[in-house]
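Structure data (compact mmCIF, C-alpha atoms) from entry05.txt:
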# COMPACT_ATOMS: atom_id res chain seq x y z
CA MET C 57 103.67 104.44 64.18
CA ILE C 58 101.15 106.30 66.37
CA ALA C 59 98.32 104.50 64.58
CA VAL C 60 99.88 101.12 65.50
CA ILE C 61 100.25 102.28 69.12
CA VAL C 62 96.57 103.29 69.28
CA CYS C 63 95.57 99.88 67.92
CA TRP C 64 97.79 98.27 70.56
CA LEU C 65 96.18 100.33 73.35
CA PHE C 66 92.78 99.14 72.17
CA VAL C 67 94.02 95.55 72.50
CA VAL C 68 95.23 96.37 76.05
CA PHE C 69 91.69 97.30 77.03
CA ASP C 70 90.40 94.25 75.17
CA GLY C 71 92.66 92.16 77.42
CA TYR C 72 91.50 93.99 80.54
CA ASP C 73 87.84 93.37 79.69
CA LEU C 74 88.56 89.70 78.98
CA ILE C 75 90.48 88.92 82.15
CA VAL C 76 88.54 91.09 84.59
CA TYR C 77 85.75 88.53 84.91
CA GLY C 78 88.11 85.88 86.26
CA ASN C 79 89.13 88.30 89.01
CA VAL C 80 85.57 88.95 90.20
CA ILE C 81 84.06 85.43 90.03
CA SER C 82 84.28 84.88 93.79
CA SER C 83 82.68 88.27 94.49
CA LEU C 84 79.83 87.56 92.09
CA GLN C 85 79.22 84.16 93.65
CA ASP C 86 79.10 85.70 97.11
CA GLU C 87 76.76 88.56 96.12
CA TRP C 88 74.37 86.66 93.88
CA GLY C 89 74.65 83.18 95.39
CA ILE C 90 75.52 81.44 92.12
CA ASN C 91 77.40 78.15 91.88
CA ALA C 92 80.53 77.36 89.86
CA SER C 93 78.55 76.01 86.90
CA THR C 94 76.48 79.20 86.61
CA ALA C 95 79.61 81.32 87.02
CA GLY C 96 81.15 79.34 84.16
CA THR C 97 78.11 80.01 81.99
CA LEU C 98 78.39 83.75 82.66
CA GLY C 99 82.05 83.58 81.73
CA SER C 100 81.26 81.77 78.50
CA LEU C 101 78.71 84.36 77.33
CA ALA C 102 81.40 86.96 76.57
CA PHE C 103 83.21 84.38 74.47
CA VAL C 104 80.02 83.53 72.58
CA GLY C 105 79.80 87.21 71.69
CA MET C 106 83.48 87.19 70.76
CA MET C 107 82.92 84.28 68.40
CA ILE C 108 80.18 86.22 66.62
CA GLY C 109 82.15 89.46 66.62
CA ALA C 110 85.38 87.94 65.32
CA VAL C 111 83.73 86.24 62.33
CA LEU C 112 81.61 89.27 61.39
CA ALA C 113 84.16 92.01 62.04
CA GLY C 114 86.91 90.40 59.98
CA ARG C 115 84.66 90.23 56.94
CA ILE C 116 83.16 93.67 57.59
CA SER C 117 86.59 95.26 57.93
CA ASP C 118 87.56 93.88 54.52
CA ALA C 119 84.29 95.25 53.12
CA ILE C 120 83.92 98.72 54.74
CA GLY C 121 87.41 99.50 56.00
CA ARG C 122 89.55 98.74 59.06
CA LYS C 123 89.22 102.14 60.74
CA GLN C 124 85.43 102.08 60.88
CA ALA C 125 85.37 98.48 62.09
CA VAL C 126 87.99 99.07 64.82
CA ILE C 127 86.23 102.14 66.24
CA GLY C 128 82.83 100.46 66.12
CA CYS C 129 84.12 97.46 68.06
CA VAL C 130 85.67 99.68 70.75
CA VAL C 131 82.43 101.61 71.25
CA VAL C 132 80.44 98.39 71.69
CA LEU C 133 82.86 96.78 74.15
CA SER C 134 83.28 99.97 76.22
CA VAL C 135 79.59 100.79 76.55
CA PHE C 136 78.39 97.31 77.41
CA THR C 137 81.29 96.43 79.70
CA THR C 138 80.56 99.62 81.64
CA LEU C 139 76.90 98.62 81.88
CA CYS C 140 78.00 95.41 83.61
CA ALA C 141 78.96 97.61 86.56
CA VAL C 142 75.31 98.47 87.20
CA ALA C 143 73.78 95.05 86.47
CA PRO C 144 71.34 94.12 89.27
CA GLY C 145 71.64 90.37 88.78
CA PRO C 146 73.25 87.58 86.76
CA VAL C 147 70.73 87.62 83.89
CA LEU C 148 71.30 91.25 82.85
CA PHE C 149 74.99 90.91 83.63
CA GLY C 150 75.20 87.96 81.24
CA ILE C 151 73.37 89.87 78.49
CA MET C 152 75.75 92.81 78.83
CA ARG C 153 78.77 90.47 78.71
CA LEU C 154 77.39 88.78 75.60
CA ILE C 155 76.99 92.07 73.72
CA ALA C 156 80.33 93.41 74.97
CA GLY C 157 81.88 90.20 73.68
CA ILE C 158 80.83 91.07 70.13
CA GLY C 159 83.01 94.17 70.33
CA LEU C 160 85.79 92.28 72.11
CA GLY C 161 85.85 89.56 69.48
CA GLY C 162 85.85 91.97 66.58
CA LEU C 163 88.60 94.22 67.91
CA VAL C 164 91.55 91.81 67.75
CA PRO C 165 91.23 90.71 64.09
CA THR C 166 90.40 94.23 62.85
CA SER C 167 93.21 95.88 64.84
CA ASN C 168 95.71 93.25 63.74
CA ALA C 169 94.64 93.49 60.10
CA LEU C 170 95.02 97.28 60.22
CA ALA C 171 98.41 97.13 61.97
CA ALA C 172 99.65 94.49 59.49
CA GLU C 173 99.01 96.89 56.63
CA LEU C 174 101.02 99.68 58.27
CA VAL C 175 104.34 97.80 58.50
CA PRO C 176 106.65 96.03 56.02
CA ASP C 177 106.07 92.32 55.42
CA LYS C 178 109.19 91.23 57.30
CA TRP C 179 107.97 92.87 60.53
CA ARG C 180 104.43 91.51 60.48
CA ALA C 181 105.18 88.60 62.82
CA ALA C 182 106.86 90.95 65.29
CA VAL C 183 104.06 93.53 65.11
CA ALA C 184 101.34 90.89 65.41
CA THR C 185 102.90 89.44 68.56
CA MET C 186 103.57 92.94 69.93
CA MET C 187 99.92 93.78 69.33
CA MET C 188 98.84 90.66 71.17
CA SER C 189 101.03 91.59 74.13
CA GLY C 190 98.26 94.06 74.87
CA VAL C 191 95.93 91.24 75.98
CA PRO C 192 98.04 90.01 78.94
CA ILE C 193 99.13 93.57 79.75
CA GLY C 194 95.44 94.38 80.08
CA GLY C 195 95.00 91.23 82.16
CA SER C 196 97.90 92.26 84.39
CA ILE C 197 96.29 95.67 84.88
CA ALA C 198 93.05 93.92 85.85
CA ALA C 199 94.86 91.86 88.48
CA LEU C 200 96.81 94.85 89.83
CA VAL C 201 93.69 97.02 90.00
CA GLY C 202 91.67 94.21 91.54
CA ILE C 203 94.04 93.61 94.47
CA PRO C 204 93.16 96.94 96.18
CA VAL C 205 89.79 97.68 94.55
CA ILE C 206 87.78 94.48 95.03
CA PRO C 207 88.32 94.10 98.82
CA ASN C 208 87.57 97.79 99.46
CA TRP C 209 84.94 98.77 96.89
CA GLY C 210 83.66 95.52 95.45
CA TRP C 211 83.60 94.20 91.91
CA ARG C 212 81.52 96.90 90.16
CA PRO C 213 84.26 99.55 89.76
CA MET C 214 86.31 96.96 87.88
CA PHE C 215 83.87 97.15 84.96
CA ALA C 216 83.42 100.93 85.08
CA PHE C 217 87.09 101.22 84.08
CA ALA C 218 86.00 100.33 80.53
CA LEU C 219 84.89 103.95 80.05
CA VAL C 220 88.53 104.98 79.54
CA PRO C 221 88.94 103.78 75.92
CA LEU C 222 85.57 105.27 74.98
CA LEU C 223 86.35 108.71 76.37
CA VAL C 224 90.09 108.92 75.66
CA LEU C 225 91.14 106.57 72.85
CA VAL C 226 88.18 106.69 70.47
CA PRO C 227 88.54 110.46 69.81
CA LEU C 228 92.28 109.92 69.25
CA ALA C 229 91.61 107.02 66.89
CA VAL C 230 89.25 109.12 64.79
CA LYS C 231 92.14 111.52 64.16
CA VAL C 232 95.14 109.21 63.71
CA LEU C 233 93.94 105.92 62.23
CA PRO C 234 94.36 105.91 58.44
CA LYS C 235 91.26 105.52 56.37
CA HIS C 236 91.11 102.12 54.75
CA GLU C 237 88.98 101.52 51.69
CA ALA C 238 87.47 98.17 50.86
CA LEU C 239 89.39 96.26 48.22
CA GLU C 240 87.07 96.04 45.23
CA THR C 241 89.61 94.32 43.00
CA HIS C 242 92.39 91.96 43.92
CA PRO C 243 95.82 91.68 42.38
CA ASP C 244 95.35 88.01 41.62
CA ASN C 245 91.78 88.47 40.37
CA SER C 246 90.57 86.00 42.99
CA GLU C 247 87.29 86.30 44.81
CA GLY C 248 87.30 87.63 48.36
CA GLY C 249 85.32 86.62 51.43
CA PHE C 250 84.55 83.27 52.97
CA ARG C 251 83.97 81.63 49.58
CA SER C 252 87.61 82.18 48.67
CA LEU C 253 88.83 81.43 52.20
CA LEU C 254 87.13 78.03 52.16
CA GLY C 255 87.71 77.36 48.48
CA SER C 256 90.03 74.70 47.18
CA GLN C 257 93.18 76.80 47.54
CA PHE C 258 92.85 77.66 51.25
CA ARG C 259 90.21 75.30 52.68
CA THR C 260 92.41 72.78 54.47
CA VAL C 261 94.83 75.25 56.03
CA SER C 262 91.92 77.50 57.05
CA ILE C 263 90.29 74.60 58.89
CA MET C 264 93.61 73.71 60.51
CA PHE C 265 94.17 77.25 61.74
CA ALA C 266 90.64 77.32 63.18
CA ALA C 267 91.17 73.98 64.94
CA VAL C 268 94.50 74.95 66.49
CA THR C 269 92.98 78.23 67.67
CA VAL C 270 90.17 76.31 69.38
CA VAL C 271 92.53 74.30 71.60
CA THR C 272 94.94 77.18 72.18
CA LEU C 273 92.19 79.54 73.31
CA LEU C 274 90.69 76.80 75.47
CA ALA C 275 93.96 76.66 77.40
CA TRP C 276 94.61 80.42 77.54
CA TYR C 277 91.11 81.64 78.39
CA GLY C 278 90.44 78.70 80.66
CA LEU C 279 93.38 79.77 82.78
CA GLY C 280 92.41 83.43 82.51
CA THR C 281 88.88 82.72 83.71
CA TRP C 282 89.44 80.17 86.46
CA LEU C 283 92.97 80.60 87.80
CA PRO C 284 92.17 82.85 90.81
CA LYS C 285 89.25 80.61 91.76
CA LEU C 286 91.31 77.45 91.29
CA MET C 287 94.07 78.75 93.53
CA GLN C 288 91.53 79.82 96.16
CA GLY C 289 90.27 76.26 96.06
CA GLU C 290 93.83 75.15 96.80
CA GLY C 291 93.76 77.18 100.01
CA THR C 292 95.06 80.63 99.07
CA ASP C 293 93.19 83.86 99.84
CA LEU C 294 91.91 86.19 97.12
CA GLY C 295 94.89 88.54 97.25
CA ASN C 296 97.43 85.75 96.82
CA ALA C 297 95.25 84.05 94.20
CA LEU C 298 95.34 87.25 92.16
CA THR C 299 99.14 87.21 92.30
CA PHE C 300 99.08 83.84 90.52
CA SER C 301 96.88 85.45 87.86
CA LEU C 302 99.39 88.29 87.67
CA ALA C 303 102.22 85.76 87.14
CA LEU C 304 100.26 84.15 84.30
CA ASN C 305 99.64 87.49 82.60
CA LEU C 306 103.16 88.80 83.11
CA GLY C 307 104.41 85.55 81.59
CA ALA C 308 102.11 86.18 78.65
CA VAL C 309 103.49 89.71 78.26
CA ALA C 310 107.03 88.34 78.23
CA GLY C 311 105.90 85.58 75.91
CA SER C 312 104.57 88.08 73.41
CA PHE C 313 108.02 89.59 72.96
CA ILE C 314 109.97 86.32 73.25
CA THR C 315 107.79 84.69 70.63
CA ALA C 316 107.94 87.82 68.46
CA TRP C 317 111.72 87.45 68.39
CA GLY C 318 111.42 83.73 67.74
CA GLY C 319 108.84 84.27 65.03
CA VAL C 320 111.05 86.71 63.14
CA ARG C 321 114.11 84.47 63.48
CA TRP C 322 112.66 80.98 62.93
CA GLY C 323 109.15 81.55 61.64
CA SER C 324 105.79 81.88 63.38
CA VAL C 325 104.70 78.25 63.15
CA PRO C 326 107.95 76.54 64.26
CA THR C 327 108.21 78.91 67.23
CA SER C 328 104.58 78.33 68.18
CA ILE C 329 105.13 74.55 68.21
CA VAL C 330 107.76 74.94 70.93
CA ALA C 331 105.75 77.55 72.87
CA ALA C 332 102.62 75.37 73.04
CA PHE C 333 104.65 72.32 74.06
CA VAL C 334 106.32 74.23 76.91
CA ALA C 335 102.94 75.43 78.18
CA GLY C 336 101.42 71.95 78.10
CA VAL C 337 104.27 70.31 79.95
CA ALA C 338 104.40 73.10 82.55
CA LEU C 339 100.69 72.84 83.35
CA LEU C 340 100.84 69.06 83.73
CA LEU C 341 103.71 69.49 86.20
CA LEU C 342 101.15 71.09 88.56
CA LEU C 343 99.83 67.57 89.18
CA THR C 344 103.01 66.88 91.17
CA ASP C 345 102.05 69.54 93.77
CA PRO C 346 105.31 71.49 93.44
CA PRO C 347 106.42 74.16 95.94
CA VAL C 348 104.93 77.65 95.69
CA ALA C 349 107.94 79.21 93.97
CA THR C 350 107.78 76.54 91.28
CA VAL C 351 104.04 77.11 90.87
CA TYR C 352 104.72 80.77 90.09
CA LEU C 353 107.31 79.73 87.51
CA ILE C 354 104.87 77.26 85.98
CA PHE C 355 102.23 79.94 85.52
CA VAL C 356 104.80 82.27 83.98
CA LEU C 357 105.72 79.52 81.50
CA ALA C 358 102.04 78.78 80.89
CA GLY C 359 101.48 82.44 80.09
CA VAL C 360 104.50 82.53 77.79
CA GLY C 361 103.37 79.39 75.98
CA THR C 362 99.61 79.72 75.66
CA HIS C 363 99.38 83.39 74.81
CA GLY C 364 102.61 83.35 72.82
CA THR C 365 101.23 80.52 70.72
CA GLN C 366 98.03 82.39 69.99
CA ALA C 367 99.96 85.54 69.05
CA LEU C 368 102.09 83.50 66.66
CA ILE C 369 99.02 81.88 65.14
CA ILE C 370 97.69 85.34 64.34
CA ALA C 371 101.05 86.29 62.82
CA ALA C 372 101.04 83.09 60.75
CA VAL C 373 97.51 83.71 59.46
CA ALA C 374 98.52 87.24 58.46
CA SER C 375 101.39 85.71 56.45
CA TYR C 376 99.56 82.78 54.86
CA TYR C 377 96.87 84.80 53.07
CA PRO C 378 96.89 87.63 50.48
CA ASP C 379 95.99 91.17 51.54
CA HIS C 380 92.36 91.07 50.43
CA LEU C 381 91.70 87.95 52.55
CA ARG C 382 93.68 88.91 55.65
CA GLY C 383 90.84 90.39 57.71
CA THR C 384 88.47 87.60 56.74
CA ALA C 385 91.08 84.94 57.53
CA LEU C 386 91.88 86.44 60.94
CA GLY C 387 88.18 86.74 61.71
CA TRP C 388 87.61 83.13 60.66
CA ALA C 389 90.44 81.71 62.74
CA LEU C 390 89.62 83.77 65.82
CA GLY C 391 85.86 83.44 65.38
CA VAL C 392 85.74 79.67 65.03
CA GLY C 393 88.56 79.44 67.55
CA ARG C 394 86.35 81.12 70.12
CA ILE C 395 84.59 77.78 70.46
CA GLY C 396 87.53 76.91 72.71
CA ALA C 397 87.15 80.16 74.61
CA VAL C 398 83.41 79.55 75.03
CA ALA C 399 83.96 75.98 76.19
CA ALA C 400 86.78 76.73 78.64
CA PRO C 401 84.84 78.59 81.38
CA GLN C 402 81.90 76.20 81.09
CA ILE C 403 83.92 72.97 81.19
CA GLY C 404 86.06 74.35 84.02
CA GLY C 405 82.91 75.15 85.98
CA TRP C 406 81.49 71.69 85.36
CA LEU C 407 84.68 70.04 86.56
CA LEU C 408 84.66 72.10 89.76
CA ALA C 409 80.94 71.57 90.32
CA ALA C 410 81.53 67.82 89.96
CA GLY C 411 84.06 68.01 92.79
CA LEU C 412 87.05 67.08 90.63
CA GLY C 413 89.14 69.96 91.91
CA ALA C 414 91.81 72.21 90.41
CA HIS C 415 93.92 69.36 89.03
CA SER C 416 91.19 68.39 86.57
CA ASN C 417 91.30 71.88 85.09
CA PHE C 418 95.07 71.84 84.83
CA VAL C 419 94.91 68.52 82.96
CA LEU C 420 92.31 69.97 80.57
CA PHE C 421 94.35 73.08 79.82
CA GLY C 422 97.69 71.27 79.66
CA VAL C 423 96.47 68.61 77.25
CA SER C 424 94.86 71.31 75.10
CA ALA C 425 98.23 73.07 74.80
CA LEU C 426 99.92 69.80 73.77
CA ILE C 427 97.26 69.16 71.11
CA SER C 428 97.90 72.70 69.85
CA SER C 429 101.59 71.86 69.47
CA LEU C 430 100.73 68.71 67.54
CA LEU C 431 98.34 70.48 65.14
CA LEU C 432 100.86 73.23 64.52
CA THR C 433 103.44 70.59 63.64
CA VAL C 434 101.07 69.28 60.97
CA ILE C 435 100.58 72.79 59.58
CA TRP C 436 104.34 73.35 59.52
CA LYS C 437 105.05 70.10 57.69
CA LYS C 438 102.13 70.15 55.24
CA PHE C 439 101.49 73.85 54.55
CA PRO C 440 104.60 76.03 54.22
CA ALA C 441 104.03 79.78 54.66
CA ARG C 442 103.51 81.75 51.46
CA HIS C 443 104.49 85.27 52.49
CA GLU C 444 106.43 85.06 55.74
CA THR C 445 109.98 86.39 55.78
CA VAL C 446 112.24 84.57 58.22
CA ARG C 447 115.57 85.96 59.35
CA PRO C 448 118.54 83.56 58.99
CA LEU C 449 119.76 81.88 62.15
CA ALA C 450 122.98 83.89 62.21
CA ALA C 451 121.25 87.25 61.79
CA HIS C 452 121.83 89.92 64.41

Now that the file is in, can you turn its structure into structure tokens?
Amino acid sequence: MIAVIVCWLFVVFDGYDLIVYGNVISSLQDEWGINASTAGTLGSLAFVGMMIGAVLAGRISDAIGRKQAVIGCVVVLSVFTTLCAVAPGPVLFGIMRLIAGIGLGGLVPTSNALAAELVPDKWRAAVATMMMSGVPIGGSIAALVGIPVIPNWGWRPMFAFALVPLLVLVPLAVKVLPKHEALETHPDNSEGGFRSLLGSQFRTVSIMFAAVTVVTLLAWYGLGTWLPKLMQGEGTDLGNALTFSLALNLGAVAGSFITAWGGVRWGSVPTSIVAAFVAGVALLLLLTDPPVATVYLIFVLAGVGTHGTQALIIAAVASYYPDHLRGTALGWALGVGRIGAVAAPQIGGWLLAAGLGAHSNFVLFGVSALISSLLLTVIWKKFPARHETVRPLAAH
């Protein structure tokens, strides 16, 4: 159990490092004089690194072992996120974010693959969604820390916080994470790696999982990157804008556990269909300019739906593939899916730079969530899960 908790804590810091950039965009623009488009490019660089890291780390973890891959990813993300705190300008800052992103992208699939192997099959959906609750918890910490820190000490201390996992959690992980050997032979005598993942047996569902991850991450990370800035553009100050970000992330935390329960009871994919639909509808309701209290509720629902959907996708992938392909499959889905994460900050910045305002971003993210729901419906109807255990409706 302690090994699963350590993996979860790593994901918490992964979430902090992901969301922290959205909280400091305004400060970076003020200090370095960059426009929204350039700020979007800087935001996208971490996700480019994540795309590389997710694809490579999933395969590497299957080849050399989960423990080594997890610890290596944490070291990379901690060191290079901390270096962002001393970057003298946007160019070096962007390079550091790119390299840190490789560790960020590799950590989620390797941690989830390791955690999945430490629990019984019937609890994998619950553990996967619990693991992913670490991302919005980390984002919530970033918002809570940013409210007092950024106005008083600036944006740089926000990145220095990444030293904590390097100094505290890595030594603990060395002691408690179980050693995992690469699987040289497979029970079904099938070939491992991307050749098997994209072979005739798994090709179509692998492509579908990658596609649905693209649109889901576009919605989730688009909101995570731009929400404070969007709400400032609607007339709120930085402190209040960060409270909207906090609502989004707290909704995502709640969503991780709500969808975990739903995934165990009804299955990961059916639950994710509903979660993505709720998020899409909620975000489009922002076009009606609702009152402030309703806006907070909308962002809570958006957090529940977007992040909950992504957590359930990870749980579904862990259930659709045999053990020897799990890390590779998670890395594939999250790696290719990072195209959405890369695109989200950049497209959001372009829309703002073009003067289209916050509503254009909310349309983009809302429609993406609805497309996610549609693609998941296709997966559910055409590709039934192979290994997932679902509790009966009347179970207690």

Pick from C:Leu286, C:Leu163, C:Leu343, C:Val147 nearest to Leu98 in chain C, counting all atoms listed in the file
C:Val147

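Near range 82-87 of chain C, within a cut-off of 8 Å and counting only C-alpha atoms, sit the residues Ala95, Gly210, Trp211 and Lys285 of chain C, with same-chain residues fewer than 6 positions away left out.
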
Nearby residues (all atoms listed in the file) at most 7 Å from range 300-303 of chain C, same-chain spacing under 2 positions excluded, as a list in words
Ser196, Ala199, Leu283, Pro284, Asn296, Ala297, Leu298, Asn305, Leu306, Gly307, Tyr352, Phe355 and Val356 of chain C

Store the residues picked out above, limited to C-alpha atoms, as an mmCIF file, keeping the file's coordinate frame.
data_model
loop_
_atom_site.group_PDB
_atom_site.id
_atom_site.type_symbol
_atom_site.label_atom_id
_atom_site.label_comp_id
_atom_site.auth_asym_id
_atom_site.auth_seq_id
_atom_site.Cartn_x
_atom_site.Cartn_y
_atom_site.Cartn_z
ATOM 1 C CA SER C 196 97.900 92.260 84.390
ATOM 2 C CA ALA C 199 94.860 91.860 88.480
ATOM 3 C CA LEU C 283 92.970 80.600 87.800
ATOM 4 C CA PRO C 284 92.170 82.850 90.810
ATOM 5 C CA ASN C 296 97.430 85.750 96.820
ATOM 6 C CA ALA C 297 95.250 84.050 94.200
ATOM 7 C CA LEU C 298 95.340 87.250 92.160
ATOM 8 C CA ASN C 305 99.640 87.490 82.600
ATOM 9 C CA LEU C 306 103.160 88.800 83.110
ATOM 10 C CA GLY C 307 104.410 85.550 81.590
ATOM 11 C CA TYR C 352 104.720 80.770 90.090
ATOM 12 C CA PHE C 355 102.230 79.940 85.520
ATOM 13 C CA VAL C 356 104.800 82.270 83.980
#

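Residues in contact with Phe215 in chain C at up to 10 Å, not including ones fewer than 5 positions away on its chain and judged by all atoms listed in the file, are C:Tyr72, C:Asp73, C:Val76, C:Tyr77, C:Val80, C:Ser134, C:Phe136, C:Thr137, C:Thr138, C:Leu139, C:Cys140, C:Ala141, C:Val142, C:Ala198.
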
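Interatomic distance, CA of Leu74 in chain C to CA of Cys129 in chain C: 14.1 Å.
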
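Closest approach to Val130 in chain C from the set C:Met188, C:Ile203, C:Leu65, C:Ala400 is made by C:Leu65, with distances taken over all atoms listed in the file.
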
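Each of C:Ile120, C:Leu112, C:Leu170, C:Val104 was compared to Leu233 in chain C using all atoms listed in the file, and C:Leu170 turns out to be the nearest.
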
Output: range 73-88 of chain C of the preceding structure, restricted to N, CA and C atoms, written as a PDB file, in the first residue's frame.
ATOM      1  N   ASP C  73       3.255  20.673 -11.085  1.00  0.00           N
ATOM      2  CA  ASP C  73       4.138  21.201 -12.129  1.00  0.00           C
ATOM      3  C   ASP C  73       3.388  21.501 -13.416  1.00  0.00           C
ATOM      4  N   LEU C  74       2.316  20.747 -13.686  1.00  0.00           N
ATOM      5  CA  LEU C  74       1.516  21.004 -14.882  1.00  0.00           C
ATOM      6  C   LEU C  74       0.719  22.297 -14.767  1.00  0.00           C
ATOM      7  N   ILE C  75       0.055  22.473 -13.634  1.00  0.00           N
ATOM      8  CA  ILE C  75      -0.901  23.567 -13.482  1.00  0.00           C
ATOM      9  C   ILE C  75      -0.231  24.874 -13.095  1.00  0.00           C
ATOM     10  N   VAL C  76       0.972  24.805 -12.525  1.00  0.00           N
ATOM     11  CA  VAL C  76       1.600  26.017 -12.007  1.00  0.00           C
ATOM     12  C   VAL C  76       1.801  27.060 -13.106  1.00  0.00           C
ATOM     13  N   TYR C  77       2.057  26.619 -14.322  1.00  0.00           N
ATOM     14  CA  TYR C  77       2.297  27.598 -15.397  1.00  0.00           C
ATOM     15  C   TYR C  77       1.075  28.473 -15.638  1.00  0.00           C
ATOM     16  N   GLY C  78      -0.113  27.877 -15.613  1.00  0.00           N
ATOM     17  CA  GLY C  78      -1.322  28.671 -15.821  1.00  0.00           C
ATOM     18  C   GLY C  78      -1.492  29.763 -14.785  1.00  0.00           C
ATOM     19  N   ASN C  79      -0.960  29.534 -13.575  1.00  0.00           N
ATOM     20  CA  ASN C  79      -1.089  30.514 -12.503  1.00  0.00           C
ATOM     21  C   ASN C  79      -0.104  31.671 -12.617  1.00  0.00           C
ATOM     22  N   VAL C  80       0.953  31.486 -13.404  1.00  0.00           N
ATOM     23  CA  VAL C  80       1.985  32.541 -13.485  1.00  0.00           C
ATOM     24  C   VAL C  80       2.031  33.223 -14.845  1.00  0.00           C
ATOM     25  N   ILE C  81       1.108  32.884 -15.755  1.00  0.00           N
ATOM     26  CA  ILE C  81       1.157  33.467 -17.105  1.00  0.00           C
ATOM     27  C   ILE C  81       1.159  34.994 -17.052  1.00  0.00           C
ATOM     28  N   SER C  82       0.256  35.569 -16.289  1.00  0.00           N
ATOM     29  CA  SER C  82       0.165  37.033 -16.233  1.00  0.00           C
ATOM     30  C   SER C  82       1.460  37.643 -15.720  1.00  0.00           C
ATOM     31  N   SER C  83       2.065  37.022 -14.721  1.00  0.00           N
ATOM     32  CA  SER C  83       3.325  37.533 -14.171  1.00  0.00           C
ATOM     33  C   SER C  83       4.447  37.456 -15.198  1.00  0.00           C
ATOM     34  N   LEU C  84       4.494  36.369 -15.951  1.00  0.00           N
ATOM     35  CA  LEU C  84       5.518  36.236 -16.992  1.00  0.00           C
ATOM     36  C   LEU C  84       5.314  37.284 -18.085  1.00  0.00           C
ATOM     37  N   GLN C  85       4.079  37.493 -18.471  1.00  0.00           N
ATOM     38  CA  GLN C  85       3.812  38.505 -19.495  1.00  0.00           C
ATOM     39  C   GLN C  85       4.240  39.895 -19.024  1.00  0.00           C
ATOM     40  N   ASP C  86       3.973  40.199 -17.766  1.00  0.00           N
ATOM     41  CA  ASP C  86       4.350  41.504 -17.245  1.00  0.00           C
ATOM     42  C   ASP C  86       5.868  41.659 -17.169  1.00  0.00           C
ATOM     43  N   GLU C  87       6.573  40.621 -16.718  1.00  0.00           N
ATOM     44  CA  GLU C  87       8.023  40.724 -16.527  1.00  0.00           C
ATOM     45  C   GLU C  87       8.783  40.707 -17.840  1.00  0.00           C
ATOM     46  N   TRP C  88       8.371  39.838 -18.752  1.00  0.00           N
ATOM     47  CA  TRP C  88       9.125  39.665 -19.994  1.00  0.00           C
ATOM     48  C   TRP C  88       8.478  40.342 -21.196  1.00  0.00           C
TER      49      TRP C  88
END
